[in-house]
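Trainee: If it helps, the file is called input12.txt and holds compact mmCIF, C-alpha atoms and all ligand atoms:
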# COMPACT_ATOMS: atom_id res chain seq x y z
CA MET S 1 115.67 206.45 202.60
CA PHE S 2 115.99 209.75 204.44
CA THR S 3 117.22 212.98 202.86
CA SER S 4 120.81 213.70 203.90
CA LEU S 5 121.33 216.17 206.75
CA ARG S 6 124.88 216.92 205.51
CA GLY S 7 125.82 220.56 206.02
CA ARG S 8 122.97 221.36 208.42
CA SER S 9 123.85 223.48 211.43
CA VAL S 10 123.04 221.83 214.76
CA ILE S 11 123.27 223.04 218.35
CA VAL S 12 123.36 220.33 221.02
CA THR S 13 123.24 221.51 224.64
CA GLY S 14 124.60 219.35 227.44
CA ALA S 15 126.83 217.70 224.87
CA SER S 16 130.04 217.24 226.85
CA LYS S 17 128.89 213.83 228.07
CA GLY S 18 126.02 211.37 228.29
CA ILE S 19 123.03 211.62 225.98
CA GLY S 20 124.06 215.02 224.58
CA ARG S 21 127.48 213.72 223.61
CA GLY S 22 125.79 210.76 221.90
CA ILE S 23 123.47 213.11 219.99
CA ALA S 24 126.37 215.36 218.97
CA LEU S 25 128.47 212.42 217.72
CA ARG S 26 125.50 211.03 215.75
CA PHE S 27 124.76 214.34 214.01
CA GLY S 28 128.50 214.70 213.33
CA GLU S 29 128.52 211.24 211.74
CA VAL S 30 125.81 212.20 209.25
CA GLY S 31 127.72 215.31 208.15
CA CYS S 32 126.13 218.10 210.20
CA ASN S 33 128.09 221.04 211.60
CA VAL S 34 127.72 220.62 215.36
CA LEU S 35 128.00 223.25 218.08
CA VAL S 36 128.84 221.21 221.18
CA VAL S 37 127.59 223.13 224.22
CA SER S 38 128.25 222.65 227.93
CA ARG S 39 129.33 224.90 230.80
CA LYS S 40 132.92 223.68 230.55
CA GLN S 41 134.82 224.83 227.45
CA ALA S 42 137.52 222.14 227.67
CA GLU S 43 134.95 219.32 227.86
CA ALA S 44 132.89 220.76 225.01
CA ASP S 45 136.11 221.13 222.96
CA SER S 46 137.04 217.53 223.64
CA VAL S 47 133.74 216.21 222.18
CA ALA S 48 134.12 218.60 219.22
CA ALA S 49 137.61 217.12 218.67
CA GLU S 50 136.15 213.60 218.76
CA ILE S 51 133.68 214.57 216.02
CA ALA S 52 136.48 216.13 213.96
CA GLU S 53 138.68 213.04 214.38
CA ALA S 54 135.84 210.94 213.00
CA GLY S 55 135.76 213.19 209.92
CA GLY S 56 132.99 215.56 211.01
CA SER S 57 132.73 219.28 211.66
CA ALA S 58 132.22 220.67 215.17
CA LYS S 59 133.05 223.46 217.56
CA GLY S 60 132.93 223.52 221.36
CA PHE S 61 131.11 226.38 223.10
CA ALA S 62 130.79 227.15 226.81
CA ALA S 63 127.35 228.31 227.91
CA ASP S 64 125.16 227.92 230.97
CA ILE S 65 121.71 227.43 229.46
CA SER S 66 120.00 228.76 232.58
CA ARG S 67 121.38 232.21 231.66
CA GLN S 68 119.75 234.25 228.91
CA ALA S 69 122.96 236.04 227.86
CA ASP S 70 124.79 232.70 227.47
CA CYS S 71 121.98 231.33 225.28
CA GLY S 72 122.15 234.41 223.07
CA ALA S 73 125.92 234.01 222.71
CA MET S 74 125.44 230.32 221.88
CA ALA S 75 123.00 231.10 219.06
CA ARG S 76 125.33 233.80 217.68
CA ALA S 77 128.25 231.34 217.74
CA ALA S 78 126.31 228.82 215.62
CA ILE S 79 125.39 231.55 213.15
CA ASP S 80 128.98 232.89 213.00
CA HIS S 81 130.61 229.47 212.58
CA PHE S 82 128.02 227.58 210.57
CA GLY S 83 125.91 230.27 208.89
CA GLY S 84 122.63 229.66 210.71
CA ILE S 85 120.72 227.25 212.93
CA ASP S 86 118.79 224.38 211.35
CA ILE S 87 118.41 222.05 214.32
CA LEU S 88 118.41 222.61 218.08
CA CYS S 89 118.71 219.67 220.44
CA ALA S 90 117.85 221.17 223.83
CA ASN S 91 119.22 218.36 225.94
CA ALA S 92 121.09 219.84 228.92
CA GLY S 93 119.55 218.81 232.21
CA ILE S 94 120.32 217.91 235.81
CA PHE S 95 118.75 215.34 238.11
CA PRO S 96 119.87 215.77 241.73
CA ALA S 97 117.58 213.84 244.13
CA ALA S 98 115.84 215.36 247.18
CA LYS S 99 112.73 214.04 248.88
CA LEU S 100 109.88 216.36 249.90
CA GLY S 101 110.52 217.64 253.39
CA ALA S 102 114.25 217.79 252.75
CA MET S 103 114.00 219.56 249.39
CA THR S 104 114.92 223.24 249.70
CA GLU S 105 113.71 226.15 247.61
CA ALA S 106 117.24 226.33 246.18
CA ASP S 107 117.07 222.63 245.16
CA PHE S 108 113.76 223.23 243.39
CA ASP S 109 114.95 226.42 241.67
CA ALA S 110 118.18 224.81 240.44
CA VAL S 111 116.32 221.99 238.68
CA ILE S 112 113.59 224.19 237.22
CA ASN S 113 116.08 226.87 236.13
CA THR S 114 118.22 224.41 234.19
CA ASN S 115 115.66 221.93 232.88
CA LEU S 116 112.60 224.08 232.23
CA LYS S 117 113.69 227.72 232.10
CA GLY S 118 116.80 226.55 230.25
CA THR S 119 114.57 224.95 227.60
CA PHE S 120 112.65 228.22 227.19
CA LEU S 121 115.86 230.31 227.02
CA THR S 122 117.60 227.97 224.58
CA VAL S 123 114.64 227.76 222.23
CA SER S 124 114.00 231.53 222.41
CA ALA S 125 117.62 232.32 221.52
CA CYS S 126 117.53 230.11 218.41
CA LEU S 127 114.12 231.23 217.12
CA PRO S 128 115.07 234.40 215.20
CA ALA S 129 117.54 232.44 213.01
CA MET S 130 115.04 229.63 212.40
CA LYS S 131 112.13 231.99 211.73
CA ALA S 132 114.21 233.94 209.20
CA ARG S 133 114.69 230.71 207.21
CA ARG S 134 111.10 229.62 207.81
CA ASN S 135 112.47 226.21 208.71
CA GLY S 136 113.75 224.52 211.81
CA ARG S 137 113.78 221.43 214.00
CA ILE S 138 113.70 221.62 217.78
CA VAL S 139 114.17 218.39 219.73
CA LEU S 140 113.84 218.48 223.51
CA THR S 141 115.20 215.79 225.81
CA SER S 142 112.39 215.21 228.30
CA SER S 143 112.00 211.95 230.24
CA ILE S 144 109.51 209.27 231.19
CA THR S 145 109.92 210.58 234.78
CA GLY S 146 107.32 213.30 235.24
CA PRO S 147 105.28 213.00 232.04
CA ILE S 148 104.45 209.31 232.67
CA THR S 149 106.10 207.92 235.80
CA GLY S 150 107.35 209.08 239.19
CA TYR S 151 110.39 208.25 241.34
CA PRO S 152 111.03 209.25 244.99
CA GLY S 153 113.38 212.22 245.20
CA TRP S 154 112.48 213.59 241.81
CA SER S 155 109.31 215.62 242.28
CA HIS S 156 111.12 218.78 241.10
CA TYR S 157 112.77 216.90 238.24
CA GLY S 158 109.47 215.26 237.21
CA ALA S 159 107.75 218.66 237.24
CA SER S 160 110.50 220.10 235.03
CA LYS S 161 110.31 217.23 232.52
CA ALA S 162 106.49 217.30 232.36
CA GLY S 163 106.76 221.09 232.05
CA GLN S 164 108.95 220.70 228.96
CA LEU S 165 106.11 218.81 227.27
CA GLY S 166 103.60 221.53 228.18
CA PHE S 167 106.00 224.10 226.75
CA MET S 168 106.43 221.98 223.62
CA ARG S 169 102.70 221.72 222.87
CA THR S 170 102.11 225.47 222.74
CA ALA S 171 105.48 226.22 221.12
CA SER S 172 104.71 223.73 218.35
CA ILE S 173 101.44 225.54 217.56
CA GLU S 174 103.07 229.00 217.61
CA LEU S 175 105.99 227.90 215.43
CA ALA S 176 104.14 225.72 212.89
CA PRO S 177 103.53 228.67 210.51
CA TYR S 178 107.32 229.14 210.31
CA GLY S 179 108.00 225.54 209.32
CA ILE S 180 109.57 224.87 212.72
CA THR S 181 108.71 221.62 214.48
CA VAL S 182 109.08 221.04 218.23
CA ASN S 183 109.19 217.46 219.49
CA ALA S 184 110.60 215.59 222.47
CA VAL S 185 112.47 212.39 223.11
CA MET S 186 111.42 210.80 226.41
CA PRO S 187 114.22 208.47 227.55
CA GLY S 188 113.85 205.72 230.10
CA ASN S 189 117.04 204.80 231.96
CA ILE S 190 120.01 205.45 229.70
CA ALA S 191 123.59 204.49 230.56
CA THR S 192 125.34 207.86 231.01
CA GLU S 193 127.89 209.43 233.35
CA GLY S 194 124.98 211.16 235.09
CA LEU S 195 123.17 207.87 235.70
CA ASP S 196 126.41 206.24 236.92
CA GLY S 197 126.21 208.72 239.79
CA MET S 198 123.04 206.96 241.00
CA GLY S 199 125.13 203.92 242.01
CA ALA S 200 125.42 200.25 241.00
CA ASP S 201 122.40 199.13 243.05
CA TYR S 202 120.08 201.64 241.33
CA ILE S 203 121.38 200.60 237.90
CA ARG S 204 120.88 196.87 238.64
CA LYS S 205 117.30 197.47 239.79
CA MET S 206 116.57 199.59 236.73
CA GLU S 207 117.89 196.89 234.38
CA GLN S 208 115.56 194.42 236.10
CA SER S 209 112.54 196.70 235.64
CA VAL S 210 112.99 197.08 231.86
CA PRO S 211 111.38 194.31 229.74
CA MET S 212 114.42 194.42 227.43
CA ARG S 213 116.55 193.85 230.56
CA ARG S 214 119.14 196.47 229.71
CA LEU S 215 119.59 200.18 230.10
CA GLY S 216 119.26 202.22 226.94
CA SER S 217 122.35 203.51 225.13
CA VAL S 218 122.96 207.13 224.21
CA ASN S 219 122.67 206.03 220.58
CA ASP S 220 119.11 204.80 221.21
CA ILE S 221 118.21 208.39 222.10
CA ALA S 222 120.39 209.99 219.41
CA ASN S 223 118.65 207.98 216.69
CA ALA S 224 115.23 209.21 217.81
CA ALA S 225 116.49 212.82 217.88
CA LEU S 226 117.97 212.34 214.42
CA PHE S 227 114.62 211.13 213.09
CA PHE S 228 112.79 214.21 214.39
CA ALA S 229 115.43 216.36 212.64
CA THR S 230 114.90 214.83 209.18
CA ASP S 231 112.99 216.44 206.33
CA GLU S 232 110.78 213.37 206.36
CA ALA S 233 109.56 214.26 209.89
CA ALA S 234 108.37 217.70 208.70
CA TYR S 235 104.71 216.97 209.48
CA ILE S 236 105.34 215.68 213.02
CA THR S 237 105.19 218.36 215.67
CA GLY S 238 104.27 218.65 219.35
CA GLN S 239 104.92 214.94 219.95
CA GLY S 240 106.93 212.97 222.47
CA ILE S 241 108.47 209.62 221.63
CA VAL S 242 109.22 207.23 224.50
CA VAL S 243 112.54 205.39 224.14
CA ASP S 244 112.70 203.10 227.16
CA GLY S 245 112.96 199.41 226.19
CA GLY S 246 109.34 198.99 227.34
CA GLN S 247 110.00 200.24 230.88
CA ILE S 248 106.66 202.03 231.30
CA LEU S 249 104.60 199.05 230.13
CA PRO S 250 104.51 196.38 232.90
CA GLU S 251 101.50 197.08 235.14
CA SER S 252 103.29 195.56 238.13
CA LEU S 253 106.38 193.62 239.24
CA ALA S 254 104.23 190.50 238.72
CA ALA S 255 104.16 191.21 234.98
CA LEU S 256 107.96 191.10 234.86
CA GLU S 257 108.12 187.96 237.04
CA GLU S 258 105.57 186.27 234.78
CA MET S 259 107.88 187.00 231.85
CA ASP S 260 110.82 185.38 233.67
CA ALA S 261 108.74 182.31 234.47
CA ALA S 262 107.82 181.78 230.80
P1 LIG X 1 124.77 213.87 232.20
O1 LIG X 1 125.53 212.66 231.82
O2 LIG X 1 124.84 214.35 233.62
O3 LIG X 1 125.18 215.08 231.24
C1 LIG X 1 124.56 216.33 231.40
C2 LIG X 1 125.10 217.32 230.39
O4 LIG X 1 124.44 218.58 230.57
C3 LIG X 1 126.58 217.58 230.56
O5 LIG X 1 127.14 217.79 229.30
C4 LIG X 1 126.62 218.87 231.37
O6 LIG X 1 127.85 219.52 231.10
C5 LIG X 1 125.41 219.60 230.76
N1 LIG X 1 124.80 220.64 231.59
C6 LIG X 1 124.27 220.51 232.83
N2 LIG X 1 123.79 221.70 233.26
C7 LIG X 1 124.03 222.60 232.25
C8 LIG X 1 123.79 223.98 232.09
N3 LIG X 1 123.19 224.71 233.04
N4 LIG X 1 124.16 224.57 230.94
C9 LIG X 1 124.77 223.86 229.96
N5 LIG X 1 125.02 222.54 230.05
C10 LIG X 1 124.66 221.92 231.19
O7 LIG X 1 123.21 213.70 231.89
P2 LIG X 1 122.44 212.69 230.92
O8 LIG X 1 122.12 211.46 231.69
O9 LIG X 1 123.16 212.57 229.63
O10 LIG X 1 121.08 213.49 230.70
C11 LIG X 1 120.93 214.38 229.62
C12 LIG X 1 119.45 214.77 229.48
O11 LIG X 1 118.68 213.59 229.36
C13 LIG X 1 118.90 215.53 230.69
O12 LIG X 1 117.98 216.51 230.24
C14 LIG X 1 118.18 214.45 231.46
O13 LIG X 1 117.13 214.96 232.23
C15 LIG X 1 117.66 213.59 230.32
N6 LIG X 1 117.37 212.21 230.71
C16 LIG X 1 118.37 211.35 231.07
C17 LIG X 1 118.05 210.04 231.41
C18 LIG X 1 119.11 209.02 231.76
O14 LIG X 1 118.73 207.91 232.12
N7 LIG X 1 120.38 209.31 231.66
C19 LIG X 1 116.71 209.63 231.40
C20 LIG X 1 115.73 210.54 231.05
C21 LIG X 1 116.07 211.82 230.69
P3 LIG X 1 128.54 220.60 232.09
O15 LIG X 1 128.49 220.02 233.47
O16 LIG X 1 129.91 220.75 231.52
O17 LIG X 1 127.74 221.84 231.94
Now that the file is in, can you turn its structure into structure tokens?
Mentor:
Amino acid sequence: MFTSLRGRSVIVTGASKGIGRGIALRFGEVGCNVLVVSRKQAEADSVAAEIAEAGGSAKGFAADISRQADCGAMARAAIDHFGGIDILCANAGIFPAAKLGAMTEADFDAVINTNLKGTFLTVSACLPAMKARRNGRIVLTSSITGPITGYPGWSHYGASKAGQLGFMRTASIELAPYGITVNAVMPGNIATEGLDGMGADYIRKMEQSVPMRRLGSVNDIANAALFFATDEAAYITGQGIVVDGGQILPESLAALEEMDAA
């Protein structure tokens, strides 16, 4: 049995939809106070209202996590509303596709600024509050794409997601003396609004390439984030957990076909 997280203060970035929304709802369900962050106030407010309707406590906050001033304001909002910051789920990310040759400097900068620099800015903004309490949980949303696998069109994205893990390893060493852990969830293909944008054909092919033959749900990722946030995970830091229905495991298409033949 895990110690209750009731009353803990949680920031979830990129929480207006997709995985972040799933994480925010899950932490709301277990009694945390959730700051729901996205660039659009109305959409963040709407998820906060969903949490409140389900009996939880939440507040929407508009911030662009690629901007330092916004991240500072976000951290102050959590402290003002909920009295501190216990848990940060740095989840906001973008995944526009562009193949090498067509990819512009602006394309590359946009992905790195949100996914990688945004991780640094978000974590940095929350650190003073966590260090003061000598306790904290930081959970990054990375990916299998970059750290483990590749996909055409996502060289910038893969670099940003692998970069998050490099950031995590040193951050976890630096922050260990303060009782702050830094870990990452590495999702496979998860059914979200963002993934819907990839089109029905992409989604069908992805389902076929997962041994469990389905995309992951946002709850699959939220549960892993929740585990990293527990008191019981206090001695786990600098680690990534793959949540992908076995997607990275088949060594070839033949392995999946062999499974179908059985
Ligand atoms: P999504 O459905 O497109 O949602 C992205 C969220 O991030 C939205 O709430 C968006 O809200 C917010 N956001 C984007 N840029 C932001 C910024 N600069 N500042 C603040 N918020 C920002 O995406 P998703 O599929 O849930 O993905 C979420 C995370 O999981 C990303 O880091 C992604 O790389 C990772 N991931 C996803 C999958 C997957 O299969 N879905 C797989 C592996 C990893 P606003 O537009 O209102 O700002």
Trainee: Atom CA of S:Asp64 and atom CA of S:Ser38, how far apart in Å?
Mentor: 6.8 Å
Trainee: Report as an MDAnalysis selection string which protein, DNA and RNA residues come within 6 Å of ligand LIG 1 (chain X), using all atoms listed in the file.
Mentor: chainID S and resid 13:20 38:40 63:66 91:94 114 141:143 187:195
Trainee: May I have the residues within 12 Å of S:Ser46 as a list in words, using only C-alpha atoms and disregarding those fewer than 3 positions away in the same chain?
Mentor: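 Selected residues are Ala15, Ser16, Lys17, Arg21, Ala24, Leu25, Val36, Val37, Ser38, Lys40, Gln41, Ala42, Glu43, Ala49, Glu50, Ile51, Ala52, Glu53, Ala58, Lys59, Gly60, Phe61 and Ala62 of chain S.
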Trainee: Excluding same-chain residues fewer than 2 positions from stretch 157-170 of chain S, what lies within 7 Å of it counting all atoms listed in the file, as a list in words?
Mentor: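 Surrounding residues, per the criterion: Phe95, Val111, Ile112, Asn115, Leu116, Ser142, Ser143, Thr145, Gly146, Pro147, Gly150, Trp154, Ser155, Ser172, Ile173, Glu174, Val182, Asn183 and Gly238 of chain S.
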Trainee: Select from stretch 112-193 of chain S every residue with an atom at most 12 Å from any atom of stretch 79-85 of chain S, then for each give the shortest pair of atoms and their distance in Å to one decimal, using all atoms listed in the file, rows by chain and rising number, as CSV.
Mentor:
residue,atom,partner,partner_atom,distance
S:Val123,CA,S:Ile85,CA,11.1
S:Ala125,CA,S:Ile85,CA,10.4
S:Cys126,CA,S:Ile85,CA,7.0
S:Leu127,CA,S:Ile85,CA,8.8
S:Pro128,CA,S:Ile85,CA,9.4
S:Ala129,CA,S:Ile85,CA,6.1
S:Met130,CA,S:Ile85,CA,6.2
S:Lys131,CA,S:Ile85,CA,9.9
S:Ala132,CA,S:Gly84,CA,9.6
S:Arg133,CA,S:Gly84,CA,8.7
S:Arg134,CA,S:Ile85,CA,11.2
S:Asn135,CA,S:Ile85,CA,9.3
S:Gly136,CA,S:Ile85,CA,7.6
S:Arg137,CA,S:Ile85,CA,9.1
S:Ile138,CA,S:Ile85,CA,10.2
S:Ile180,CA,S:Ile85,CA,11.4
Trainee: Could you work out how far atom CA of S:Thr122 lies from atom CA of S:Met74, giving the answer in Å with one decimal?
Mentor: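 Going from atom CA of S:Met74 over to atom CA of S:Thr122, I get 8.6 Å.
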Trainee: For S:Phe27, work out the shell of residues within 8 Å, counting all atoms listed in the file and skipping chain neighbours fewer than 6 positions away, then give it as an MDAnalysis selection string.
Mentor: chainID S and resid 10 33:34 226
Trainee: Would you fill the gaps in stretch 53-64 of chain S so it has all heavy atoms, then print it as a PDB file, in the coordinates of the input?
Mentor:
ATOM      1  N   GLU S  53     137.824 214.215 214.635  1.00  0.00           N
ATOM      2  CA  GLU S  53     138.680 213.040 214.380  1.00  0.00           C
ATOM      3  C   GLU S  53     137.951 211.992 213.563  1.00  0.00           C
ATOM      4  O   GLU S  53     138.546 211.268 212.765  1.00  0.00           O
ATOM      5  CB  GLU S  53     139.132 212.412 215.709  1.00  0.00           C
ATOM      6  CG  GLU S  53     140.382 213.063 216.279  1.00  0.00           C
ATOM      7  CD  GLU S  53     140.510 212.816 217.775  1.00  0.00           C
ATOM      8  OE1 GLU S  53     140.076 211.740 218.239  1.00  0.00           O
ATOM      9  OE2 GLU S  53     141.008 213.714 218.476  1.00  0.00           O
ATOM     10  N   ALA S  54     136.631 211.918 213.754  1.00  0.00           N
ATOM     11  CA  ALA S  54     135.840 210.940 213.000  1.00  0.00           C
ATOM     12  C   ALA S  54     135.468 211.470 211.613  1.00  0.00           C
ATOM     13  O   ALA S  54     134.675 210.855 210.896  1.00  0.00           O
ATOM     14  CB  ALA S  54     134.582 210.581 213.792  1.00  0.00           C
ATOM     15  N   GLY S  55     136.000 212.649 211.261  1.00  0.00           N
ATOM     16  CA  GLY S  55     135.760 213.190 209.920  1.00  0.00           C
ATOM     17  C   GLY S  55     134.652 214.221 209.855  1.00  0.00           C
ATOM     18  O   GLY S  55     134.287 214.681 208.767  1.00  0.00           O
ATOM     19  N   GLY S  56     134.099 214.605 211.008  1.00  0.00           N
ATOM     20  CA  GLY S  56     132.990 215.560 211.010  1.00  0.00           C
ATOM     21  C   GLY S  56     133.442 216.985 211.278  1.00  0.00           C
ATOM     22  O   GLY S  56     134.643 217.281 211.343  1.00  0.00           O
ATOM     23  N   SER S  57     132.455 217.860 211.437  1.00  0.00           N
ATOM     24  CA  SER S  57     132.730 219.280 211.660  1.00  0.00           C
ATOM     25  C   SER S  57     132.031 219.731 212.937  1.00  0.00           C
ATOM     26  O   SER S  57     130.820 219.543 213.080  1.00  0.00           O
ATOM     27  CB  SER S  57     132.190 220.056 210.438  1.00  0.00           C
ATOM     28  OG  SER S  57     131.845 221.370 210.789  1.00  0.00           O
ATOM     29  N   ALA S  58     132.813 220.298 213.876  1.00  0.00           N
ATOM     30  CA  ALA S  58     132.220 220.670 215.170  1.00  0.00           C
ATOM     31  C   ALA S  58     133.036 221.750 215.838  1.00  0.00           C
ATOM     32  O   ALA S  58     134.221 221.927 215.550  1.00  0.00           O
ATOM     33  CB  ALA S  58     132.132 219.448 216.071  1.00  0.00           C
ATOM     34  N   LYS S  59     132.372 222.430 216.774  1.00  0.00           N
ATOM     35  CA  LYS S  59     133.050 223.460 217.560  1.00  0.00           C
ATOM     36  C   LYS S  59     132.486 223.394 218.972  1.00  0.00           C
ATOM     37  O   LYS S  59     131.281 223.238 219.162  1.00  0.00           O
ATOM     38  CB  LYS S  59     132.739 224.816 216.903  1.00  0.00           C
ATOM     39  CG  LYS S  59     133.273 226.005 217.580  1.00  0.00           C
ATOM     40  CD  LYS S  59     134.033 226.914 216.599  1.00  0.00           C
ATOM     41  CE  LYS S  59     134.834 227.973 217.338  1.00  0.00           C
ATOM     42  NZ  LYS S  59     135.998 227.477 218.045  1.00  0.00           N
ATOM     43  N   GLY S  60     133.374 223.502 219.961  1.00  0.00           N
ATOM     44  CA  GLY S  60     132.930 223.520 221.360  1.00  0.00           C
ATOM     45  C   GLY S  60     132.539 224.925 221.766  1.00  0.00           C
ATOM     46  O   GLY S  60     133.139 225.901 221.304  1.00  0.00           O
ATOM     47  N   PHE S  61     131.514 225.047 222.625  1.00  0.00           N
ATOM     48  CA  PHE S  61     131.110 226.380 223.100  1.00  0.00           C
ATOM     49  C   PHE S  61     130.645 226.276 224.537  1.00  0.00           C
ATOM     50  O   PHE S  61     129.822 225.425 224.872  1.00  0.00           O
ATOM     51  CB  PHE S  61     129.996 226.951 222.210  1.00  0.00           C
ATOM     52  CG  PHE S  61     129.719 228.400 222.497  1.00  0.00           C
ATOM     53  CD1 PHE S  61     130.525 229.395 221.956  1.00  0.00           C
ATOM     54  CD2 PHE S  61     128.687 228.776 223.349  1.00  0.00           C
ATOM     55  CE1 PHE S  61     130.300 230.731 222.241  1.00  0.00           C
ATOM     56  CE2 PHE S  61     128.453 230.114 223.642  1.00  0.00           C
ATOM     57  CZ  PHE S  61     129.265 231.094 223.087  1.00  0.00           C
ATOM     58  N   ALA S  62     131.184 227.171 225.390  1.00  0.00           N
ATOM     59  CA  ALA S  62     130.790 227.150 226.810  1.00  0.00           C
ATOM     60  C   ALA S  62     129.609 228.070 227.043  1.00  0.00           C
ATOM     61  O   ALA S  62     129.667 229.264 226.728  1.00  0.00           O
ATOM     62  CB  ALA S  62     131.970 227.599 227.669  1.00  0.00           C
ATOM     63  N   ALA S  63     128.524 227.506 227.559  1.00  0.00           N
ATOM     64  CA  ALA S  63     127.350 228.310 227.910  1.00  0.00           C
ATOM     65  C   ALA S  63     126.586 227.616 229.024  1.00  0.00           C
ATOM     66  O   ALA S  63     126.490 226.387 229.047  1.00  0.00           O
ATOM     67  CB  ALA S  63     126.431 228.468 226.693  1.00  0.00           C
ATOM     68  N   ASP S  64     126.073 228.423 229.947  1.00  0.00           N
ATOM     69  CA  ASP S  64     125.160 227.920 230.970  1.00  0.00           C
ATOM     70  C   ASP S  64     123.756 228.234 230.478  1.00  0.00           C
ATOM     71  O   ASP S  64     123.363 229.399 230.395  1.00  0.00           O
ATOM     72  CB  ASP S  64     125.450 228.635 232.299  1.00  0.00           C
ATOM     73  CG  ASP S  64     124.512 228.184 233.414  1.00  0.00           C
ATOM     74  OD1 ASP S  64     123.446 227.605 233.114  1.00  0.00           O
ATOM     75  OD2 ASP S  64     124.853 228.416 234.584  1.00  0.00           O
TER      76      ASP S  64
END
